[in-house]
Each structure stands twice: as structure tokens, then as C-alpha cells.
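To keep things clear, I will list the structure first and then write my remarks on it.
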Amino acid sequence: MFSFLNRKPKIGVAFGGGGARGMSHIGVIKAFEEFGLKFDYVAGTSVGSIMGAAYASGMSSKEIYDIAKKLRVKDIRTNRVFFMPSKTDGLENLMIETFGDINIEDLKTPFSAVAVDIKTTKEICISHGNLAKAVAGSCCVPGIFQPVEFQNMLLCDGGLQNNIPANIPRYFDCDYVVAVDCNSTRVYGTESTKVLDVLSCAMRTLMKSNSIKGYISADVTIATDNKKFKSTKLEGLDEMVERGYKSAIDKMPEIMQLFSGKAPKKKTKDLDDLEFV
């Protein structure tokens with residue numbers, strides 16, 4: 001118990017993937033601000049890497065919201081032709097416009113973006129190097145974006161292996177981890193036998209197992225039901241933000257237990273095929 005030690009617990013937060021549904025992360029950050037919570041480490045996968053980078057930079061929820069309000073899908077996905085993947089230039093430009101052309105090490109709070117190197121199929125935890133490239137790689141959904149070249153790797157969406165990277169802060173000596181799941185109802189079936197419907201259902205099923213790992217690794221999970229919203233559309237921003245906020249408020253008694261150091265610790269478990277850069 002940390003109550004018997006003369007130090008504050010080190011606490012990390014992990015923002016999960018979910019496409020546009022990740023706008024609910026803004027509401028979660030708003031709740032953190034209202035309770036005066038400061039995390040010692042931030043990790044993120046896919047859209048969670050965007051929100052995590054913004055949070056680690058010191059941006060307020062209002063500042064993040066103002067940028068999201070102006071954002072359009074065409075700003076990020078420049079090629080709208082079906083099955084013609086876009087380059088990630090739009091996303092990289094957005095990151096540079098927002099944060100500057102900086103390295104991850106320049107952020108105010110230590111941060112990691114999670115991606116997958118398709119050359120090796122390994123999960124990559126990126127804690128150093130160009131921020132825009134790292135986040136673009138973490139967000140690079142296969143078929144939607146072209147893989148991102150980064151330090152001799154070809155990066156794709158981290159959700160392929162670790163959609164809610166709650167294990168990552170533990171590798172950086174965090175005692176507790178709060179996970180944020182913006183797509184808690186990601187898995188639902190289909191009665192359709194159409195190829196795209198079947199493939200979509202298969203992908204949702206695969207993402208379920210990659211998300212369960214986050215729940216297992218976290219001490220507290222903030223889970224938001226965003227099923228009514230599309231992962232590829234930005235409509236419903238305000239409602240998603242409100243849903244994220246309420247989900248975080250509901251979990252705040254448990255989170256405050258972590259900050260008091262009175263919650264039991266989970267043991268760190270090693271993962272195979274995890275590489276740090």
C-alpha cells in the first residue's frame with residue numbers, strides 16, 4: 001500500500017482507438033481537469049495517440065475541442081476513392097500545425113504511441129522521434145492509409161495488436177493505469193452474408209480481443225458507449241464529448257482511490273513481440 005510509503009504513486013493513462021468515436025476522449029480529459037488530476041505517463045493507440053499527444057502537450061480539453069470542431073474528414077483522408085489508401089500527409093500536417101514539428105521527447109508529459117511494424121508484425125511502442133510521424137503510424141488503418149515509413153519500419157494502426165495500451169505505462173514504472181475505451185460496444189454481429197458486412201463483423205471480432213488486453217492491464221477502465229456514431233464520420237461531436245465526460249465522472253471514485261495510493265497494485269506482465277523505439 002502506498003499509504004505506507006513516502007511517495008506519491010506514479011499513474012499512467014492509456015487512450016484507446018476507435019476512429020472518430022475517439023472524440024469522446026475530449027470529455028474524459030475535461031473530467032480529469034475538473035478533478036485536478038495530473039498523470040505521469042500517457043499512451044495512446046490510433047485516435048488515442050492523437051488525443052494522448054494533445055493531452056501530453058498540456059493542451060486543455062477546450063483547446064482540443066476547438067480544433068476538433070473545425071476538423072473535416074477530408075483534412076485527414078485526402079483520397080476519397082474507395083479501396084485507394086491515402087497518404088498520411090493530412091494527419092501529419094495537422095499534427096505539425098497543432099504542436100510544431102517536434103519530437104515526442106519535447107512533450108510536457110512522457111508519451112508513447114503504439115503502432116505495428118508490418119515488416120516484422122511486431123507491436124511498436126514509440127517513445128522517441130518525430131511526433132507527427134509516430135502518431136500517423138499509430139493511426140494508419142490498413143486499406144484507409146498507406147503504411148508510414150518510420151526508422152526503417154512500415155507502421156500501421158496499433159489497434160491491430162493493442163487497441164487500448166494500458167500495459168505500456170507499466171513498462172515506464174507506473175504503479176497504476178487508467179484505460180480509456182471510446183468504443184466499448186465495438187462487437188456486434190450481422191445476419192448479412194454480403195462480403196463487406198462479413199468482413200466488418202470479422203474485424204470487430206478481432207478488435208475485441210485486442211481491446212480486452214487493455215481491460216486486463218488497467219486498474220480502472222473508463223468505457224464509453226459510442227455505438228450510435230460512425231468511426232469514419234465526425235458528426236455528433238458534442239454528444240460524444242458529453243458521453244466521455246459522464247463515463248469518466250462515473251469512474252472518478254475509483255480513479256481517486258488510485259491517486260490516494262490506497263488501491264491494490266496489479267503485477268506487470270511481459271508481452272512477446274513488443275519493441276520499444
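Identifiers for the C-alpha cells are assigned positionally: chains receive A, B, ... in sequence, residues are indexed from 1 per chain, and ligands are indexed from 1 in the order shown.
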Counting only C-alpha atoms, which residues in segment 150-230 of chain A sit no more than 12 Å from segment 50-71 of chain A? For each one, give the nearest pair of atoms and the distance in Å, sorted by chain then residue number, as a Markdown table.
| residue | atom | partner | partner_atom | distance |
| --- | --- | --- | --- | --- |
| A:Ile164 | CA | A:Gly52 | CA | 11.8 |
| A:Pro165 | CA | A:Gly52 | CA | 11.3 |
| A:Ala179 | CA | A:Gly52 | CA | 11.5 |
| A:Val180 | CA | A:Gly52 | CA | 10.5 |
| A:Cys182 | CA | A:Met51 | CA | 11.4 |
| request: Based on DSSP run over this structure's backbone, return all residues of segment 78-161 of chain A in strand (DSSP E), as a list in words. | output: Phe111, Ser112, Ala113, Val114, Ala115, Val116, Asp117, Lys122, Glu123, Ile124, Cys125, Ile126, Val148, Glu149, Phe150, Met153, Leu154, Leu155, Cys156 and Asp157 of chain A
Selection export as a JSON list (two decimals), in the first residue's frame, atoms kept: N, CA, C and O atoms:
[["chain", "number", "residue", "atom", "x", "y", "z"],
["A", 111, "PHE", "N", 5.29, 10.33, -23.19],
["A", 111, "PHE", "CA", 4.22, 9.81, -24.05],
["A", 111, "PHE", "C", 4.73, 8.70, -24.95],
["A", 111, "PHE", "O", 5.89, 8.73, -25.40],
["A", 112, "SER", "N", 3.86, 7.73, -25.23],
["A", 112, "SER", "CA", 4.17, 6.68, -26.21],
["A", 112, "SER", "C", 2.98, 6.49, -27.14],
["A", 112, "SER", "O", 1.83, 6.45, -26.69],
["A", 113, "ALA", "N", 3.27, 6.36, -28.42],
["A", 113, "ALA", "CA", 2.27, 5.98, -29.41],
["A", 113, "ALA", "C", 2.51, 4.52, -29.78],
["A", 113, "ALA", "O", 3.66, 4.09, -29.94],
["A", 114, "VAL", "N", 1.43, 3.76, -29.95],
["A", 114, "VAL", "CA", 1.55, 2.34, -30.25],
["A", 114, "VAL", "C", 1.17, 2.09, -31.70],
["A", 114, "VAL", "O", 0.14, 2.55, -32.17],
["A", 115, "ALA", "N", 2.02, 1.37, -32.41],
["A", 115, "ALA", "CA", 1.79, 1.02, -33.80],
["A", 115, "ALA", "C", 2.23, -0.42, -34.03],
["A", 115, "ALA", "O", 2.68, -1.11, -33.11],
["A", 116, "VAL", "N", 2.08, -0.89, -35.27],
["A", 116, "VAL", "CA", 2.54, -2.23, -35.65],
["A", 116, "VAL", "C", 3.43, -2.10, -36.88],
["A", 116, "VAL", "O", 3.06, -1.41, -37.85],
["A", 117, "ASP", "N", 4.59, -2.72, -36.84],
["A", 117, "ASP", "CA", 5.50, -2.74, -37.99],
["A", 117, "ASP", "C", 5.11, -3.92, -38.87],
["A", 117, "ASP", "O", 5.27, -5.08, -38.47],
["A", 122, "LYS", "N", 5.57, -6.94, -35.49],
["A", 122, "LYS", "CA", 5.72, -6.63, -34.07],
["A", 122, "LYS", "C", 4.96, -5.38, -33.67],
["A", 122, "LYS", "O", 4.82, -4.44, -34.45],
["A", 123, "GLU", "N", 4.47, -5.40, -32.44],
["A", 123, "GLU", "CA", 3.91, -4.19, -31.83],
["A", 123, "GLU", "C", 5.06, -3.25, -31.48],
["A", 123, "GLU", "O", 6.07, -3.68, -30.91],
["A", 124, "ILE", "N", 4.92, -1.98, -31.83],
["A", 124, "ILE", "CA", 5.98, -1.00, -31.61],
["A", 124, "ILE", "C", 5.50, 0.08, -30.65],
["A", 124, "ILE", "O", 4.46, 0.72, -30.87],
["A", 125, "CYS", "N", 6.24, 0.26, -29.59],
["A", 125, "CYS", "CA", 5.97, 1.34, -28.63],
["A", 125, "CYS", "C", 6.94, 2.48, -28.94],
["A", 125, "CYS", "O", 8.14, 2.35, -28.72],
["A", 126, "ILE", "N", 6.40, 3.58, -29.47],
["A", 126, "ILE", "CA", 7.24, 4.69, -29.92],
["A", 126, "ILE", "C", 7.27, 5.79, -28.86],
["A", 126, "ILE", "O", 6.26, 6.44, -28.60],
["A", 148, "VAL", "N", 3.21, 3.96, -42.95],
["A", 148, "VAL", "CA", 4.08, 5.11, -42.70],
["A", 148, "VAL", "C", 5.52, 4.64, -42.49],
["A", 148, "VAL", "O", 5.78, 3.76, -41.65],
["A", 149, "GLU", "N", 6.44, 5.21, -43.23],
["A", 149, "GLU", "CA", 7.86, 4.90, -43.06],
["A", 149, "GLU", "C", 8.39, 5.65, -41.83],
["A", 149, "GLU", "O", 8.26, 6.86, -41.73],
["A", 150, "PHE", "N", 8.96, 4.90, -40.90],
["A", 150, "PHE", "CA", 9.47, 5.48, -39.65],
["A", 150, "PHE", "C", 10.62, 4.62, -39.15],
["A", 150, "PHE", "O", 10.43, 3.44, -38.82],
["A", 153, "MET", "N", 11.01, 1.19, -40.43],
["A", 153, "MET", "CA", 9.83, 0.37, -40.25],
["A", 153, "MET", "C", 8.72, 0.85, -41.18],
["A", 153, "MET", "O", 8.75, 1.97, -41.69],
["A", 154, "LEU", "N", 7.73, 0.01, -41.37],
["A", 154, "LEU", "CA", 6.50, 0.39, -42.07],
["A", 154, "LEU", "C", 5.36, 0.23, -41.07],
["A", 154, "LEU", "O", 4.96, -0.89, -40.74],
["A", 155, "LEU", "N", 4.86, 1.36, -40.58],
["A", 155, "LEU", "CA", 3.91, 1.33, -39.47],
["A", 155, "LEU", "C", 2.46, 1.32, -39.94],
["A", 155, "LEU", "O", 2.09, 2.02, -40.89],
["A", 156, "CYS", "N", 1.66, 0.54, -39.23],
["A", 156, "CYS", "CA", 0.21, 0.54, -39.39],
["A", 156, "CYS", "C", -0.44, 0.67, -38.01],
["A", 156, "CYS", "O", 0.23, 0.63, -36.98],
["A", 157, "ASP", "N", -1.74, 0.79, -38.03],
["A", 157, "ASP", "CA", -2.54, 1.05, -36.83],
["A", 157, "ASP", "C", -2.17, 0.11, -35.68],
["A", 157, "ASP", "O", -2.17, -1.10, -35.82]]
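With only C-alpha atoms taken into account, the protein and nucleic acid residues at most 10 Å from Ser217 of chain A (excluding it and anything under 6 positions from it in its own chain) are Ile164, Pro165, Ala166, Asn167, Ile168, Pro169, Arg170, Tyr176, Val177, Val178, Ala179, Lys266, Lys267, Thr268 and Lys269 of chain A.
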| said: List as a ChimeraX atom specification the protein and nucleic acid residues near Leu91 of chain A, meaning an atom at most 10 Å away when only C-alpha atoms are counted, but skip any in the same chain fewer than 3 places from it. | reply: /A:50,75-78,87-88,94-97,132-133,135-136,139-140
| said: With only C-alpha atoms as the counted atoms, please give the residues lying no more than 12 Å from Arg243 of chain A, apart from itself and same-chain residues fewer than 5 positions off, as number ranges by chain. | reply: A: 21-31, 181-184, 222-229, 236-238, 248-250
Any chance you can output those residues with N, CA, C and O atoms as a JSON list (two decimals), in the first residue's frame?
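Saved the output as result.json:
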[["chain", "number", "residue", "atom", "x", "y", "z"],
["A", 21, "ARG", "N", -14.94, 8.00, -33.08],
["A", 21, "ARG", "CA", -15.54, 7.84, -31.75],
["A", 21, "ARG", "C", -14.58, 8.32, -30.65],
["A", 21, "ARG", "O", -14.99, 8.56, -29.52],
["A", 22, "GLY", "N", -13.31, 8.44, -31.01],
["A", 22, "GLY", "CA", -12.32, 8.93, -30.05],
["A", 22, "GLY", "C", -12.53, 10.37, -29.64],
["A", 22, "GLY", "O", -11.85, 10.86, -28.72],
["A", 23, "MET", "N", -13.46, 11.08, -30.26],
["A", 23, "MET", "CA", -13.79, 12.43, -29.82],
["A", 23, "MET", "C", -14.30, 12.43, -28.38],
["A", 23, "MET", "O", -14.22, 13.44, -27.68],
["A", 24, "SER", "N", -14.82, 11.29, -27.93],
["A", 24, "SER", "CA", -15.29, 11.22, -26.54],
["A", 24, "SER", "C", -14.13, 11.33, -25.55],
["A", 24, "SER", "O", -14.35, 11.65, -24.37],
["A", 25, "HIS", "N", -12.91, 11.08, -26.01],
["A", 25, "HIS", "CA", -11.74, 11.27, -25.13],
["A", 25, "HIS", "C", -11.66, 12.71, -24.63],
["A", 25, "HIS", "O", -11.12, 12.96, -23.54],
["A", 26, "ILE", "N", -12.15, 13.66, -25.41],
["A", 26, "ILE", "CA", -12.11, 15.07, -25.00],
["A", 26, "ILE", "C", -12.91, 15.26, -23.72],
["A", 26, "ILE", "O", -12.49, 15.99, -22.81],
["A", 27, "GLY", "N", -14.06, 14.61, -23.63],
["A", 27, "GLY", "CA", -14.88, 14.71, -22.42],
["A", 27, "GLY", "C", -14.20, 14.09, -21.22],
["A", 27, "GLY", "O", -14.32, 14.58, -20.09],
["A", 28, "VAL", "N", -13.48, 13.00, -21.46],
["A", 28, "VAL", "CA", -12.73, 12.35, -20.38],
["A", 28, "VAL", "C", -11.65, 13.30, -19.85],
["A", 28, "VAL", "O", -11.48, 13.46, -18.63],
["A", 29, "ILE", "N", -10.95, 13.94, -20.77],
["A", 29, "ILE", "CA", -9.91, 14.90, -20.37],
["A", 29, "ILE", "C", -10.52, 16.06, -19.58],
["A", 29, "ILE", "O", -9.94, 16.54, -18.60],
["A", 30, "LYS", "N", -11.70, 16.49, -19.99],
["A", 30, "LYS", "CA", -12.40, 17.56, -19.26],
["A", 30, "LYS", "C", -12.66, 17.14, -17.81],
["A", 30, "LYS", "O", -12.46, 17.93, -16.87],
["A", 31, "ALA", "N", -13.07, 15.90, -17.62],
["A", 31, "ALA", "CA", -13.32, 15.41, -16.26],
["A", 31, "ALA", "C", -12.03, 15.36, -15.45],
["A", 31, "ALA", "O", -12.01, 15.72, -14.27],
["A", 181, "ASP", "N", -11.57, 3.64, -22.98],
["A", 181, "ASP", "CA", -12.11, 2.92, -24.13],
["A", 181, "ASP", "C", -13.26, 3.75, -24.72],
["A", 181, "ASP", "O", -14.30, 3.90, -24.09],
["A", 182, "CYS", "N", -13.06, 4.24, -25.93],
["A", 182, "CYS", "CA", -14.07, 5.09, -26.56],
["A", 182, "CYS", "C", -15.05, 4.30, -27.41],
["A", 182, "CYS", "O", -15.90, 4.87, -28.10],
["A", 183, "ASN", "N", -14.95, 2.98, -27.36],
["A", 183, "ASN", "CA", -15.78, 2.14, -28.24],
["A", 183, "ASN", "C", -16.14, 0.85, -27.53],
["A", 183, "ASN", "O", -15.87, -0.25, -28.03],
["A", 184, "SER", "N", -16.77, 0.96, -26.37],
["A", 184, "SER", "CA", -17.00, -0.21, -25.52],
["A", 184, "SER", "C", -18.00, -1.20, -26.10],
["A", 184, "SER", "O", -18.05, -2.36, -25.68],
["A", 222, "ILE", "N", -12.33, 3.47, -18.11],
["A", 222, "ILE", "CA", -13.44, 4.37, -18.45],
["A", 222, "ILE", "C", -13.96, 3.92, -19.81],
["A", 222, "ILE", "O", -13.26, 4.04, -20.82],
["A", 223, "ALA", "N", -15.15, 3.37, -19.84],
["A", 223, "ALA", "CA", -15.70, 2.80, -21.07],
["A", 223, "ALA", "C", -16.92, 3.60, -21.52],
["A", 223, "ALA", "O", -17.87, 3.77, -20.76],
["A", 224, "THR", "N", -16.88, 4.09, -22.76],
["A", 224, "THR", "CA", -17.96, 4.92, -23.29],
["A", 224, "THR", "C", -18.67, 4.21, -24.43],
["A", 224, "THR", "O", -18.01, 3.69, -25.34],
["A", 225, "ASP", "N", -19.98, 4.20, -24.38],
["A", 225, "ASP", "CA", -20.80, 3.58, -25.42],
["A", 225, "ASP", "C", -21.03, 4.59, -26.54],
["A", 225, "ASP", "O", -21.82, 5.52, -26.40],
["A", 226, "ASN", "N", -20.31, 4.40, -27.65],
["A", 226, "ASN", "CA", -20.46, 5.28, -28.81],
["A", 226, "ASN", "C", -20.97, 4.54, -30.04],
["A", 226, "ASN", "O", -20.71, 4.93, -31.17],
["A", 227, "LYS", "N", -21.73, 3.47, -29.80],
["A", 227, "LYS", "CA", -22.19, 2.62, -30.90],
["A", 227, "LYS", "C", -23.00, 3.39, -31.93],
["A", 227, "LYS", "O", -22.94, 3.09, -33.13],
["A", 228, "LYS", "N", -23.78, 4.37, -31.51],
["A", 228, "LYS", "CA", -24.65, 5.09, -32.43],
["A", 228, "LYS", "C", -23.88, 5.97, -33.41],
["A", 228, "LYS", "O", -24.43, 6.45, -34.40],
["A", 229, "PHE", "N", -22.59, 6.18, -33.14],
["A", 229, "PHE", "CA", -21.78, 7.04, -34.01],
["A", 229, "PHE", "C", -20.91, 6.21, -34.94],
["A", 229, "PHE", "O", -20.55, 5.08, -34.63],
["A", 236, "GLY", "N", -21.81, 14.39, -34.50],
["A", 236, "GLY", "CA", -22.12, 14.01, -33.13],
["A", 236, "GLY", "C", -21.02, 14.35, -32.14],
["A", 236, "GLY", "O", -20.97, 13.78, -31.04],
["A", 237, "LEU", "N", -20.14, 15.28, -32.50],
["A", 237, "LEU", "CA", -19.01, 15.63, -31.65],
["A", 237, "LEU", "C", -19.45, 15.98, -30.23],
["A", 237, "LEU", "O", -18.93, 15.44, -29.25],
["A", 238, "ASP", "N", -20.40, 16.89, -30.11],
["A", 238, "ASP", "CA", -20.80, 17.36, -28.78],
["A", 238, "ASP", "C", -21.35, 16.24, -27.91],
["A", 238, "ASP", "O", -21.05, 16.16, -26.71],
["A", 248, "ALA", "N", -16.36, 9.22, -17.48],
["A", 248, "ALA", "CA", -15.23, 9.49, -16.59],
["A", 248, "ALA", "C", -15.70, 9.87, -15.19],
["A", 248, "ALA", "O", -15.13, 9.42, -14.19],
["A", 249, "ILE", "N", -16.74, 10.68, -15.11],
["A", 249, "ILE", "CA", -17.28, 11.09, -13.81],
["A", 249, "ILE", "C", -17.76, 9.87, -13.03],
["A", 249, "ILE", "O", -17.55, 9.76, -11.82],
["A", 250, "ASP", "N", -18.40, 8.92, -13.74],
["A", 250, "ASP", "CA", -18.89, 7.72, -13.07],
["A", 250, "ASP", "C", -17.76, 6.91, -12.45],
["A", 250, "ASP", "O", -17.95, 6.24, -11.43]]
| request: Find the residues near Gly143 of chain A: any atom within 9 Å, counting only C-alpha atoms, skip ones fewer than 3 places away on the same chain, and give them as a PyMOL selection string. | output: chain A and resi 83-86+140+146
Just the selected residues (N, CA, C and O atoms), exported as a compact mmCIF listing (two decimals), in the first residue's frame, please.
# COMPACT_ATOMS: atom_id res chain seq x y z
N PHE A 83 -11.13 1.94 -51.61
CA PHE A 83 -10.02 1.00 -51.75
C PHE A 83 -8.77 1.63 -52.35
O PHE A 83 -7.89 0.92 -52.86
N MET A 84 -8.67 2.94 -52.29
CA MET A 84 -7.45 3.64 -52.70
C MET A 84 -6.90 4.35 -51.47
O MET A 84 -7.35 5.44 -51.12
N PRO A 85 -5.98 3.73 -50.76
CA PRO A 85 -5.49 4.31 -49.49
C PRO A 85 -4.86 5.69 -49.68
O PRO A 85 -4.17 5.94 -50.67
N SER A 86 -5.09 6.55 -48.70
CA SER A 86 -4.49 7.88 -48.70
C SER A 86 -3.11 7.83 -48.06
O SER A 86 -2.82 6.96 -47.23
N CYS A 140 -2.62 4.57 -38.76
CA CYS A 140 -2.62 4.13 -40.16
C CYS A 140 -3.45 2.86 -40.34
O CYS A 140 -2.91 1.75 -40.38
N GLN A 146 -1.91 4.55 -46.40
CA GLN A 146 -0.69 3.84 -46.77
C GLN A 146 0.22 3.73 -45.55
O GLN A 146 0.27 4.65 -44.73
| message | Going by DSSP on the backbone, which residues of segment 117-161 of chain A come out as alpha helix (DSSP H)? List them as a PyMOL selection string. | response | chain A and resi 131-138
Just N, CA, C and O atoms for this one: save the residues we selected as a PDB file, in the first residue's frame.
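What landed in selection07.pdb:
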ATOM      1  N   LEU A 131       7.076  13.353 -33.671  1.00  0.00           N
ATOM      2  CA  LEU A 131       5.729  13.141 -33.144  1.00  0.00           C
ATOM      3  C   LEU A 131       4.710  12.916 -34.262  1.00  0.00           C
ATOM      4  O   LEU A 131       3.886  12.000 -34.180  1.00  0.00           O
ATOM      5  N   ALA A 132       4.746  13.742 -35.291  1.00  0.00           N
ATOM      6  CA  ALA A 132       3.758  13.643 -36.374  1.00  0.00           C
ATOM      7  C   ALA A 132       3.830  12.285 -37.054  1.00  0.00           C
ATOM      8  O   ALA A 132       2.797  11.658 -37.334  1.00  0.00           O
ATOM      9  N   LYS A 133       5.045  11.802 -37.326  1.00  0.00           N
ATOM     10  CA  LYS A 133       5.214  10.509 -37.974  1.00  0.00           C
ATOM     11  C   LYS A 133       4.747   9.363 -37.075  1.00  0.00           C
ATOM     12  O   LYS A 133       4.112   8.404 -37.536  1.00  0.00           O
ATOM     13  N   ALA A 134       5.082   9.454 -35.796  1.00  0.00           N
ATOM     14  CA  ALA A 134       4.709   8.405 -34.847  1.00  0.00           C
ATOM     15  C   ALA A 134       3.191   8.294 -34.731  1.00  0.00           C
ATOM     16  O   ALA A 134       2.622   7.187 -34.765  1.00  0.00           O
ATOM     17  N   VAL A 135       2.522   9.417 -34.605  1.00  0.00           N
ATOM     18  CA  VAL A 135       1.057   9.419 -34.474  1.00  0.00           C
ATOM     19  C   VAL A 135       0.414   8.955 -35.778  1.00  0.00           C
ATOM     20  O   VAL A 135      -0.550   8.183 -35.771  1.00  0.00           O
ATOM     21  N   ALA A 136       0.946   9.401 -36.912  1.00  0.00           N
ATOM     22  CA  ALA A 136       0.413   8.964 -38.205  1.00  0.00           C
ATOM     23  C   ALA A 136       0.523   7.450 -38.343  1.00  0.00           C
ATOM     24  O   ALA A 136      -0.417   6.786 -38.808  1.00  0.00           O
ATOM     25  N   GLY A 137       1.657   6.888 -37.926  1.00  0.00           N
ATOM     26  CA  GLY A 137       1.815   5.441 -37.978  1.00  0.00           C
ATOM     27  C   GLY A 137       0.831   4.721 -37.084  1.00  0.00           C
ATOM     28  O   GLY A 137       0.254   3.698 -37.461  1.00  0.00           O
ATOM     29  N   SER A 138       0.605   5.256 -35.897  1.00  0.00           N
ATOM     30  CA  SER A 138      -0.334   4.653 -34.957  1.00  0.00           C
ATOM     31  C   SER A 138      -1.765   4.675 -35.490  1.00  0.00           C
ATOM     32  O   SER A 138      -2.571   3.801 -35.173  1.00  0.00           O
TER      33      SER A 138
END
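Computed from the coordinates, the atom CA of Asp40 of chain A to atom CA of Ile255 of chain A distance equals 14.0 Å.
Closest approach to Gln161 of chain A among A:Val73, A:Leu274, A:Ile144, A:Leu258 is made by A:Leu274 (distances from only C-alpha atoms).
Closest approach to Phe39 of chain A from the set A:Asp175, A:Asp273, A:Asp89, A:Asp106 is made by A:Asp175, with distances taken over only C-alpha atoms.
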| query | What gap, in Å, lies between atom CA of Thr232 of chain A and atom CA of Ser209 of chain A? | reply | 21.2 Å
